[in-house]
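Chemist: Structure below; questions to follow.
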Number of protein chains: 2
Amino acid sequence: MDGEHTEVVRLLWGPHPKPARGPRPTLDLERIARAGIEIADSDGLADVSMQRVAARLGVTKMALYRYVPGKAELVALMVDVAIGPCPEARRGGWREQLEEWARQLFAVFRQHSWALDATVGPRVMGPAELSWLERAVSALDGTGLSGAERMDAAVLLVGHVRGITQQARAAGPADDPEAQLGSILGELMRTHGERFPALTAALVSAARSDGQDQAWDFGLQRILDGLAALIDRRAH
Amino acid sequence: MDGEHTEVVRLLWGPHPKPARGPRPTLDLERIARAGIEIADSDGLADVSMQRVAARLGVTKMALYRYVPGKAELVALMVDVAIGPCPEARRGGWREQLEEWARQLFAVFRQHSWALDATVGPRVMGPAELSWLERAVSALDGTGLSGAERMDAAVLLVGHVRGITQQARAAGPADDPEAQLGSILGELMRTHGERFPALTAALVSAARSDGQDQAWDFGLQRILDGLAALIDRRAH
DNA sequence: AGAAACTGTGTCCCTCGGACACTTATATTT
DNA sequence: AAATATAAGTGTCCGAGGGACACAGTTTCT
């Protein structure tokens with residue numbers, strides 16, 4: 001019934017029974033994932049082909065299929081390895097903990113922004129990804145929020161991390177200051193501005209702020225404020 | 001300098017000079033986009049190939065290239081058509097307006113959840129997409145927020161819409177209640193639960209809420225609360 | 001030693017996006 | 001009315017990518 005999921009679950013969660021007989025493997029999942037991640041980091045997810053990953057490892061394309069059931073599963077593995085396990089929390093209130101957590105997650109996503117492409121759509125989460133969720137939820141223990149609410153809050157923050165990551169990536173690698181979203185959006189505003197008066201006004205007034213960091217902090221603080229309001233209301 | 005963008009900009013924003021000579025076209029951009037959208041709606045974006053779109057229109061694959069420079073541009077067009085122009089705002093305070101706006105946007109994304117796949121990564125927004133942004137920003141006019149902040153707020157809400165859309169889609173089309181995210185996540189918890197104590201606890205306590213709608217409202221209200229807090233603080 | 005299990009390779013096939021030449025239809029020009 | 005330029009849809013071809021499969025070489029167990 002969950003037939004197709006079983007393969008990726010096995011790949012991400014194990015077990016990985018190691019063979020008793022036969023030649024010893026020249027590769028392992030870790031190395032394969034890393035190879036894919038390196039390609040994705042430098043050239044984007046679209047450039048990750050079985051060919052290129054194999055070439056980087058000095059093997060043939062088909063050799064990879066001894067380790068990985070297919071490309072989709074390889075990408076899922078890449079994501080979990082790239083995200084990595086969540087670092088331990090420092091002590092502090094829920095707000096400090098969540099804020100630190102969000103910043104750390106944002107840093108990871110910014111470094112591997114291709115992970116966005118690989119995490120749209122239904123999928124199975126790996127252990128690393130779950131460890132991040134775990135820490136966010138546990139940071140909210142004792143706040144009076146229900147289990148569902150703690151989960152929802154974590155999901156809300158993840159959504160913001162993803163949103164800003166996407167924006168940051170759209171703005172380009174920052175070494176190309178003119179060909180950025182701002183300039184192309186500005187171009188459109190110059191041509192069709194009369195159709196978007198509020199947007200035009202907002203963009204003019206926003207022209208000289210460092211967009212990304214600003215947007216990140218703004219959203220993060222609004223979410224945390226919103227959570228604080230709820231928690232306080234409950235605790236009154 | 002912006003060489004590659006120019007094609008999709010022309011496609012989305014015009015102008016579309018109509019030819020004076022030659023046979024009259026059997027198709028138009030609207031019909032092509034609709035055909036692609038129908039395929040994507042029913043079978044997902046991955047099943048949208050030039051072949052299938054053309055077949056649905058009763059033409060050859062190559063005929064489409066008379067209207068559209070390439071597949072990427074076709075998808076961009078599909079997105080803008082599928083999203084459609086933002087409906088007019090009803091009267092009300094900024095909060096009511098934004099809430100209505102977010103619900104309307106969510107409805108659109110839920111209906112065309114493949115749009116998520118097509119809107120990761122750098123891209124040029126079309127007129128319809130911009131019209132949504134316009135209304136969100138204009139709803140915040142007169143709140144005392146700066147232009148950048150109004151934009152950031154809109155982006156924050158879009159992020160939440162996208163996040164929940166993704167979750168809703170991961171949970172399946174709701175006619176398959178057992179093979180859902182909940183059950184597969186539950187399966188993992190049953191096997192590796194000891195590694196995720198807070199998550200396990202939260203899931204147990206969340207077991208019998210209707211996840212999606214709950215998560216949607218929760219996040220939306222938190223964001224709006226956070227915005228309200230800021231606006232009030234500024235206005236005091 | 002032989003069998004069993006496993007690894008990496010080479011070959012093949014399908015699908016997809018796209019280039020290009022070609023035929024046919026329309027509107028302008030002579 | 002005839003010639004011509006322009007544009008629409010088709011058919012053919014190519015390269016890249018994912019993956020199936022049979023095969024040869026290697027290691028361990030009996």
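Convention: chains lettered A, B, ... in structure tokens order; per-chain residue numbering from 1; ligands numbered from 1 as shown.
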Using only C-alpha atoms (C1' of nucleotides), which chain C residues lie at most 9 Å away from chain A, written as a PDB file with N, CA and C atoms (P, O5', C5', C4', C3', O3' and C1' of nucleotides), in the first residue's frame?

Modeler:
ATOM      1  P    DA C   4      25.021 -22.738  -6.082  1.00  0.00           P
ATOM      2  O5'  DA C   4      24.928 -21.443  -5.156  1.00  0.00           O
ATOM      3  C5'  DA C   4      25.384 -21.522  -3.807  1.00  0.00           C
ATOM      4  C4'  DA C   4      25.612 -20.116  -3.264  1.00  0.00           C
ATOM      5  C3'  DA C   4      24.642 -19.067  -3.800  1.00  0.00           C
ATOM      6  O3'  DA C   4      24.181 -18.293  -2.703  1.00  0.00           O
ATOM      7  C1'  DA C   4      26.864 -18.347  -4.134  1.00  0.00           C
ATOM      8  P    DA C   5      22.964 -17.289  -2.905  1.00  0.00           P
ATOM      9  O5'  DA C   5      23.692 -15.877  -2.748  1.00  0.00           O
ATOM     10  C5'  DA C   5      24.546 -15.685  -1.623  1.00  0.00           C
ATOM     11  C4'  DA C   5      25.393 -14.442  -1.818  1.00  0.00           C
ATOM     12  C3'  DA C   5      24.613 -13.226  -2.332  1.00  0.00           C
ATOM     13  O3'  DA C   5      24.962 -12.123  -1.518  1.00  0.00           O
ATOM     14  C1'  DA C   5      26.527 -13.580  -3.665  1.00  0.00           C
ATOM     15  P    DC C   6      24.019 -10.852  -1.538  1.00  0.00           P
ATOM     16  O5'  DC C   6      24.969  -9.778  -2.236  1.00  0.00           O
ATOM     17  C5'  DC C   6      26.264  -9.573  -1.682  1.00  0.00           C
ATOM     18  C4'  DC C   6      27.185  -8.999  -2.732  1.00  0.00           C
ATOM     19  C3'  DC C   6      26.626  -7.780  -3.485  1.00  0.00           C
ATOM     20  O3'  DC C   6      27.443  -6.666  -3.233  1.00  0.00           O
ATOM     21  C1'  DC C   6      27.790  -9.251  -4.912  1.00  0.00           C
ATOM     22  P    DT C   7      26.983  -5.178  -3.671  1.00  0.00           P
ATOM     23  O5'  DT C   7      28.236  -4.642  -4.473  1.00  0.00           O
ATOM     24  C5'  DT C   7      29.566  -5.017  -4.116  1.00  0.00           C
ATOM     25  C4'  DT C   7      30.509  -4.690  -5.273  1.00  0.00           C
ATOM     26  C3'  DT C   7      30.141  -3.414  -6.005  1.00  0.00           C
ATOM     27  O3'  DT C   7      31.269  -2.568  -6.137  1.00  0.00           O
ATOM     28  C1'  DT C   7      30.267  -5.243  -7.539  1.00  0.00           C
ATOM     29  P    DG C   8      31.076  -1.003  -6.525  1.00  0.00           P
ATOM     30  O5'  DG C   8      31.368  -1.024  -8.089  1.00  0.00           O
ATOM     31  C5'  DG C   8      32.705  -1.253  -8.531  1.00  0.00           C
ATOM     32  C4'  DG C   8      32.722  -1.553 -10.020  1.00  0.00           C
ATOM     33  C3'  DG C   8      32.227  -0.406 -10.909  1.00  0.00           C
ATOM     34  O3'  DG C   8      33.215  -0.127 -11.897  1.00  0.00           O
ATOM     35  C1'  DG C   8      31.151  -2.448 -11.482  1.00  0.00           C
ATOM     36  P    DT C   9      32.870   0.938 -13.068  1.00  0.00           P
ATOM     37  O5'  DT C   9      32.424  -0.038 -14.242  1.00  0.00           O
ATOM     38  C5'  DT C   9      33.303  -1.090 -14.654  1.00  0.00           C
ATOM     39  C4'  DT C   9      32.846  -1.674 -15.979  1.00  0.00           C
ATOM     40  C3'  DT C   9      32.467  -0.647 -17.037  1.00  0.00           C
ATOM     41  O3'  DT C   9      33.142  -0.956 -18.242  1.00  0.00           O
ATOM     42  C1'  DT C   9      30.708  -2.225 -16.746  1.00  0.00           C
TER      43       DT C   9
END

Chemist: Could you list, as a PyMOL selection string, every residue of chain D that has an atom within 8 Å of an atom of chain A, counting only C-alpha atoms (C1' of nucleotides)?

Modeler: chain D and resi 17-18+26-29

Chemist: Include N, CA and C atoms (P, O5', C5', C4', C3', O3' and C1' of nucleotides) and write out the residues we just selected as a PDB file, in the first residue's frame.

Modeler:
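Here's the written file again.pdb:
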ATOM      1  P    DG D  17      23.059  15.129 -19.120  1.00  0.00           P
ATOM      2  O5'  DG D  17      21.871  14.297 -18.466  1.00  0.00           O
ATOM      3  C5'  DG D  17      20.614  14.921 -18.267  1.00  0.00           C
ATOM      4  C4'  DG D  17      19.583  13.850 -18.049  1.00  0.00           C
ATOM      5  C3'  DG D  17      20.051  12.745 -17.102  1.00  0.00           C
ATOM      6  O3'  DG D  17      19.349  12.829 -15.876  1.00  0.00           O
ATOM      7  C1'  DG D  17      18.985  11.851 -19.059  1.00  0.00           C
ATOM      8  P    DG D  18      19.671  11.808 -14.695  1.00  0.00           P
ATOM      9  O5'  DG D  18      18.601  10.634 -14.921  1.00  0.00           O
ATOM     10  C5'  DG D  18      17.236  10.925 -14.769  1.00  0.00           C
ATOM     11  C4'  DG D  18      16.416   9.667 -14.957  1.00  0.00           C
ATOM     12  C3'  DG D  18      16.772   8.527 -14.008  1.00  0.00           C
ATOM     13  O3'  DG D  18      15.567   7.917 -13.539  1.00  0.00           O
ATOM     14  C1'  DG D  18      17.008   7.811 -16.261  1.00  0.00           C
ATOM     15  P    DT D  26      39.235  -9.503 -10.815  1.00  0.00           P
ATOM     16  O5'  DT D  26      38.420  -9.571  -9.450  1.00  0.00           O
ATOM     17  C5'  DT D  26      37.846  -8.381  -8.917  1.00  0.00           C
ATOM     18  C4'  DT D  26      37.074  -8.715  -7.641  1.00  0.00           C
ATOM     19  C3'  DT D  26      37.883  -9.505  -6.598  1.00  0.00           C
ATOM     20  O3'  DT D  26      37.630  -8.922  -5.340  1.00  0.00           O
ATOM     21  C1'  DT D  26      35.844 -10.581  -7.024  1.00  0.00           C
ATOM     22  P    DT D  27      38.860  -8.817  -4.253  1.00  0.00           P
ATOM     23  O5'  DT D  27      38.223  -9.618  -3.025  1.00  0.00           O
ATOM     24  C5'  DT D  27      37.090  -9.062  -2.368  1.00  0.00           C
ATOM     25  C4'  DT D  27      36.151 -10.151  -1.914  1.00  0.00           C
ATOM     26  C3'  DT D  27      36.704 -11.116  -0.861  1.00  0.00           C
ATOM     27  O3'  DT D  27      36.107 -10.775   0.386  1.00  0.00           O
ATOM     28  C1'  DT D  27      35.273 -12.177  -2.450  1.00  0.00           C
ATOM     29  P    DT D  28      36.702 -11.354   1.757  1.00  0.00           P
ATOM     30  O5'  DT D  28      35.608 -12.480   2.055  1.00  0.00           O
ATOM     31  C5'  DT D  28      34.249 -12.084   2.190  1.00  0.00           C
ATOM     32  C4'  DT D  28      33.348 -13.300   2.160  1.00  0.00           C
ATOM     33  C3'  DT D  28      33.667 -14.370   3.211  1.00  0.00           C
ATOM     34  O3'  DT D  28      32.470 -14.656   3.921  1.00  0.00           O
ATOM     35  C1'  DT D  28      33.412 -15.346   1.075  1.00  0.00           C
ATOM     36  P    DC D  29      32.539 -15.469   5.302  1.00  0.00           P
ATOM     37  O5'  DC D  29      31.678 -16.764   4.930  1.00  0.00           O
ATOM     38  C5'  DC D  29      30.406 -16.586   4.298  1.00  0.00           C
ATOM     39  C4'  DC D  29      29.915 -17.905   3.734  1.00  0.00           C
ATOM     40  C3'  DC D  29      30.077 -19.099   4.681  1.00  0.00           C
ATOM     41  O3'  DC D  29      28.869 -19.851   4.688  1.00  0.00           O
ATOM     42  C1'  DC D  29      31.144 -19.546   2.604  1.00  0.00           C
TER      43       DC D  29
END

Chemist: Could you work out which residues of chain B fall inside 7 Å of chain A? Count only C-alpha atoms, and format the result as a PDB file with C-alpha atoms, in the first residue's frame.

Modeler:
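Result file iface.pdb:
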ATOM      1  CA  ASP B   2      19.678  40.336 -18.790  1.00  0.00           C
ATOM      2  CA  LEU B 116       4.943  25.339  -5.905  1.00  0.00           C
ATOM      3  CA  ASP B 117       7.318  23.289  -8.021  1.00  0.00           C
ATOM      4  CA  VAL B 120      11.126  27.627  -6.524  1.00  0.00           C
ATOM      5  CA  GLY B 121      14.205  29.345  -7.684  1.00  0.00           C
ATOM      6  CA  PRO B 122      14.873  32.671  -9.314  1.00  0.00           C
ATOM      7  CA  ARG B 123      12.208  33.750 -11.703  1.00  0.00           C
ATOM      8  CA  GLU B 134       0.083  44.757  -4.919  1.00  0.00           C
ATOM      9  CA  VAL B 137       1.050  45.819   0.185  1.00  0.00           C
ATOM     10  CA  SER B 138      -1.785  48.240  -0.360  1.00  0.00           C
ATOM     11  CA  GLY B 147       7.678  50.354   2.314  1.00  0.00           C
ATOM     12  CA  ALA B 148      10.209  47.647   2.988  1.00  0.00           C
ATOM     13  CA  MET B 151       6.793  44.184   1.367  1.00  0.00           C
ATOM     14  CA  ASP B 152       8.346  41.971   4.002  1.00  0.00           C
ATOM     15  CA  ALA B 153       4.961  41.371   5.563  1.00  0.00           C
ATOM     16  CA  LEU B 156       5.962  36.523   5.057  1.00  0.00           C
ATOM     17  CA  GLY B 159       5.727  32.041   2.681  1.00  0.00           C
ATOM     18  CA  HIS B 160       3.087  30.718   5.004  1.00  0.00           C
ATOM     19  CA  GLY B 163       4.358  26.225   3.477  1.00  0.00           C
ATOM     20  CA  GLN B 166       3.122  22.019   0.625  1.00  0.00           C
ATOM     21  CA  ARG B 169      -0.192  18.296  -0.622  1.00  0.00           C
ATOM     22  CA  ALA B 170       2.149  15.998   1.265  1.00  0.00           C
ATOM     23  CA  ALA B 179      -1.299   6.492   3.446  1.00  0.00           C
ATOM     24  CA  PHE B 196      12.583  12.222  18.999  1.00  0.00           C
ATOM     25  CA  ALA B 198       9.366  15.889  22.015  1.00  0.00           C
ATOM     26  CA  LEU B 199       8.119  15.145  18.533  1.00  0.00           C
ATOM     27  CA  ALA B 201       4.771  13.618  22.489  1.00  0.00           C
ATOM     28  CA  ALA B 202       3.534  16.396  20.245  1.00  0.00           C
ATOM     29  CA  LEU B 203       2.256  13.954  17.673  1.00  0.00           C
ATOM     30  CA  SER B 205      -1.326  15.003  21.570  1.00  0.00           C
ATOM     31  CA  ALA B 206      -2.014  16.214  18.031  1.00  0.00           C
ATOM     32  CA  ALA B 215      -1.976  24.593  10.927  1.00  0.00           C
ATOM     33  CA  PHE B 218      -2.599  28.872  13.554  1.00  0.00           C
ATOM     34  CA  GLY B 219       0.179  30.286  11.428  1.00  0.00           C
ATOM     35  CA  ARG B 222       0.320  34.219  14.666  1.00  0.00           C
ATOM     36  CA  ILE B 223       1.615  36.277  11.765  1.00  0.00           C
ATOM     37  CA  ASP B 225      -0.837  38.992  15.708  1.00  0.00           C
ATOM     38  CA  GLY B 226       2.820  39.729  15.209  1.00  0.00           C
ATOM     39  CA  LEU B 227       2.044  42.419  12.678  1.00  0.00           C
TER      40      LEU B 227
END

Chemist: Excluding DT23 in chain C and residues on its chain fewer than 2 positions from it, collect all residues at most 10 Å away from it, counting only C-alpha atoms (C1' of nucleotides), and give them as a ChimeraX atom specification.

Modeler: /C:21,25 /D:9-10

Chemist: Write a file of the selected residues as a PDB file, in the first residue's frame, keeping N, CA and C atoms (P, O5', C5', C4', C3', O3' and C1' of nucleotides).

Modeler:
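Final output, again_27.pdb:
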ATOM      1  P    DA C  21      18.265  24.635 -41.875  1.00  0.00           P
ATOM      2  O5'  DA C  21      17.576  23.760 -43.013  1.00  0.00           O
ATOM      3  C5'  DA C  21      17.743  22.336 -43.004  1.00  0.00           C
ATOM      4  C4'  DA C  21      16.489  21.675 -43.543  1.00  0.00           C
ATOM      5  C3'  DA C  21      15.918  22.334 -44.806  1.00  0.00           C
ATOM      6  O3'  DA C  21      15.497  21.334 -45.710  1.00  0.00           O
ATOM      7  C1'  DA C  21      14.260  22.218 -43.136  1.00  0.00           C
ATOM      8  P    DA C  25      -3.077  24.778 -47.723  1.00  0.00           P
ATOM      9  O5'  DA C  25      -3.307  26.191 -47.034  1.00  0.00           O
ATOM     10  C5'  DA C  25      -3.393  26.273 -45.616  1.00  0.00           C
ATOM     11  C4'  DA C  25      -3.114  27.698 -45.186  1.00  0.00           C
ATOM     12  C3'  DA C  25      -3.997  28.758 -45.863  1.00  0.00           C
ATOM     13  O3'  DA C  25      -4.494  29.614 -44.859  1.00  0.00           O
ATOM     14  C1'  DA C  25      -1.724  29.350 -46.056  1.00  0.00           C
TER      15       DA C  25
ATOM     16  P    DG D   9      -0.429  27.144 -35.875  1.00  0.00           P
ATOM     17  O5'  DG D   9       0.048  25.769 -36.520  1.00  0.00           O
ATOM     18  C5'  DG D   9      -0.815  25.128 -37.448  1.00  0.00           C
ATOM     19  C4'  DG D   9      -0.103  23.970 -38.095  1.00  0.00           C
ATOM     20  C3'  DG D   9       0.375  22.884 -37.124  1.00  0.00           C
ATOM     21  O3'  DG D   9      -0.086  21.615 -37.582  1.00  0.00           O
ATOM     22  C1'  DG D   9       2.160  23.578 -38.537  1.00  0.00           C
ATOM     23  P    DT D  10       0.408  20.267 -36.841  1.00  0.00           P
ATOM     24  O5'  DT D  10       1.570  19.775 -37.814  1.00  0.00           O
ATOM     25  C5'  DT D  10       1.294  19.650 -39.208  1.00  0.00           C
ATOM     26  C4'  DT D  10       2.425  18.896 -39.896  1.00  0.00           C
ATOM     27  C3'  DT D  10       2.929  17.663 -39.131  1.00  0.00           C
ATOM     28  O3'  DT D  10       2.964  16.563 -40.012  1.00  0.00           O
ATOM     29  C1'  DT D  10       4.749  19.103 -39.653  1.00  0.00           C
TER      30       DT D  10
END

Chemist: C1' of DC21 in chain D to CA of Asp47 in chain B: how many Å, to one decimal?

Modeler: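 According to the coordinates, C1' of DC21 in chain D and CA of Asp47 in chain B are separated by 26.4 Å.
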
Chemist: Enumerate the residues of chain A with a DSSP assignment of alpha helix (DSSP H), computed from the backbone, and present them as an NGL selection string.

Modeler: :A and (5-13 or 29-43 or 50-57 or 71-83 or 94-111 or 115-118 or 127-139 or 147-170 or 181-192 or 197-206 or 211-235)

Chemist: Using only C-alpha atoms for the distances, tell me which of B:Arg34, B:Arg233, B:Arg103, B:Arg95 is nearest to Asp80 in chain B.

Modeler: B:Arg34

Chemist: Which distance in Å separates CA of Glu187 in chain B and CA of Gly14 in chain A, to one decimal?

Modeler: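 For CA of Glu187 in chain B relative to CA of Gly14 in chain A, the distance reads 13.6 Å.
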
Chemist: For DG18 in chain C, which residue out of D:DT30, D:DC14, D:DC23, D:DT4 is the nearest one, using only C-alpha atoms (C1' of nucleotides)?

Modeler: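 Of D:DT30, D:DC14, D:DC23, D:DT4, the one nearest DG18 in chain C, counting only C-alpha atoms (C1' of nucleotides), is D:DC14.
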
Chemist: Can you list, as a list in words, every protein, DNA or RNA residue that comes within 10 Å of DC14 in chain C when you count only C-alpha atoms (C1' of nucleotides), leaving out same-chain residues fewer than 2 positions away?

Modeler: DC12 and DC16 of chain C; DG18 and DG19 of chain D

Chemist: Provide the CA of Gly36 in chain A to C1' of DG25 in chain D distance in Å, to one decimal place.

Modeler: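 Taking CA of Gly36 in chain A as the start and C1' of DG25 in chain D as the end point, the length is 27.6 Å.
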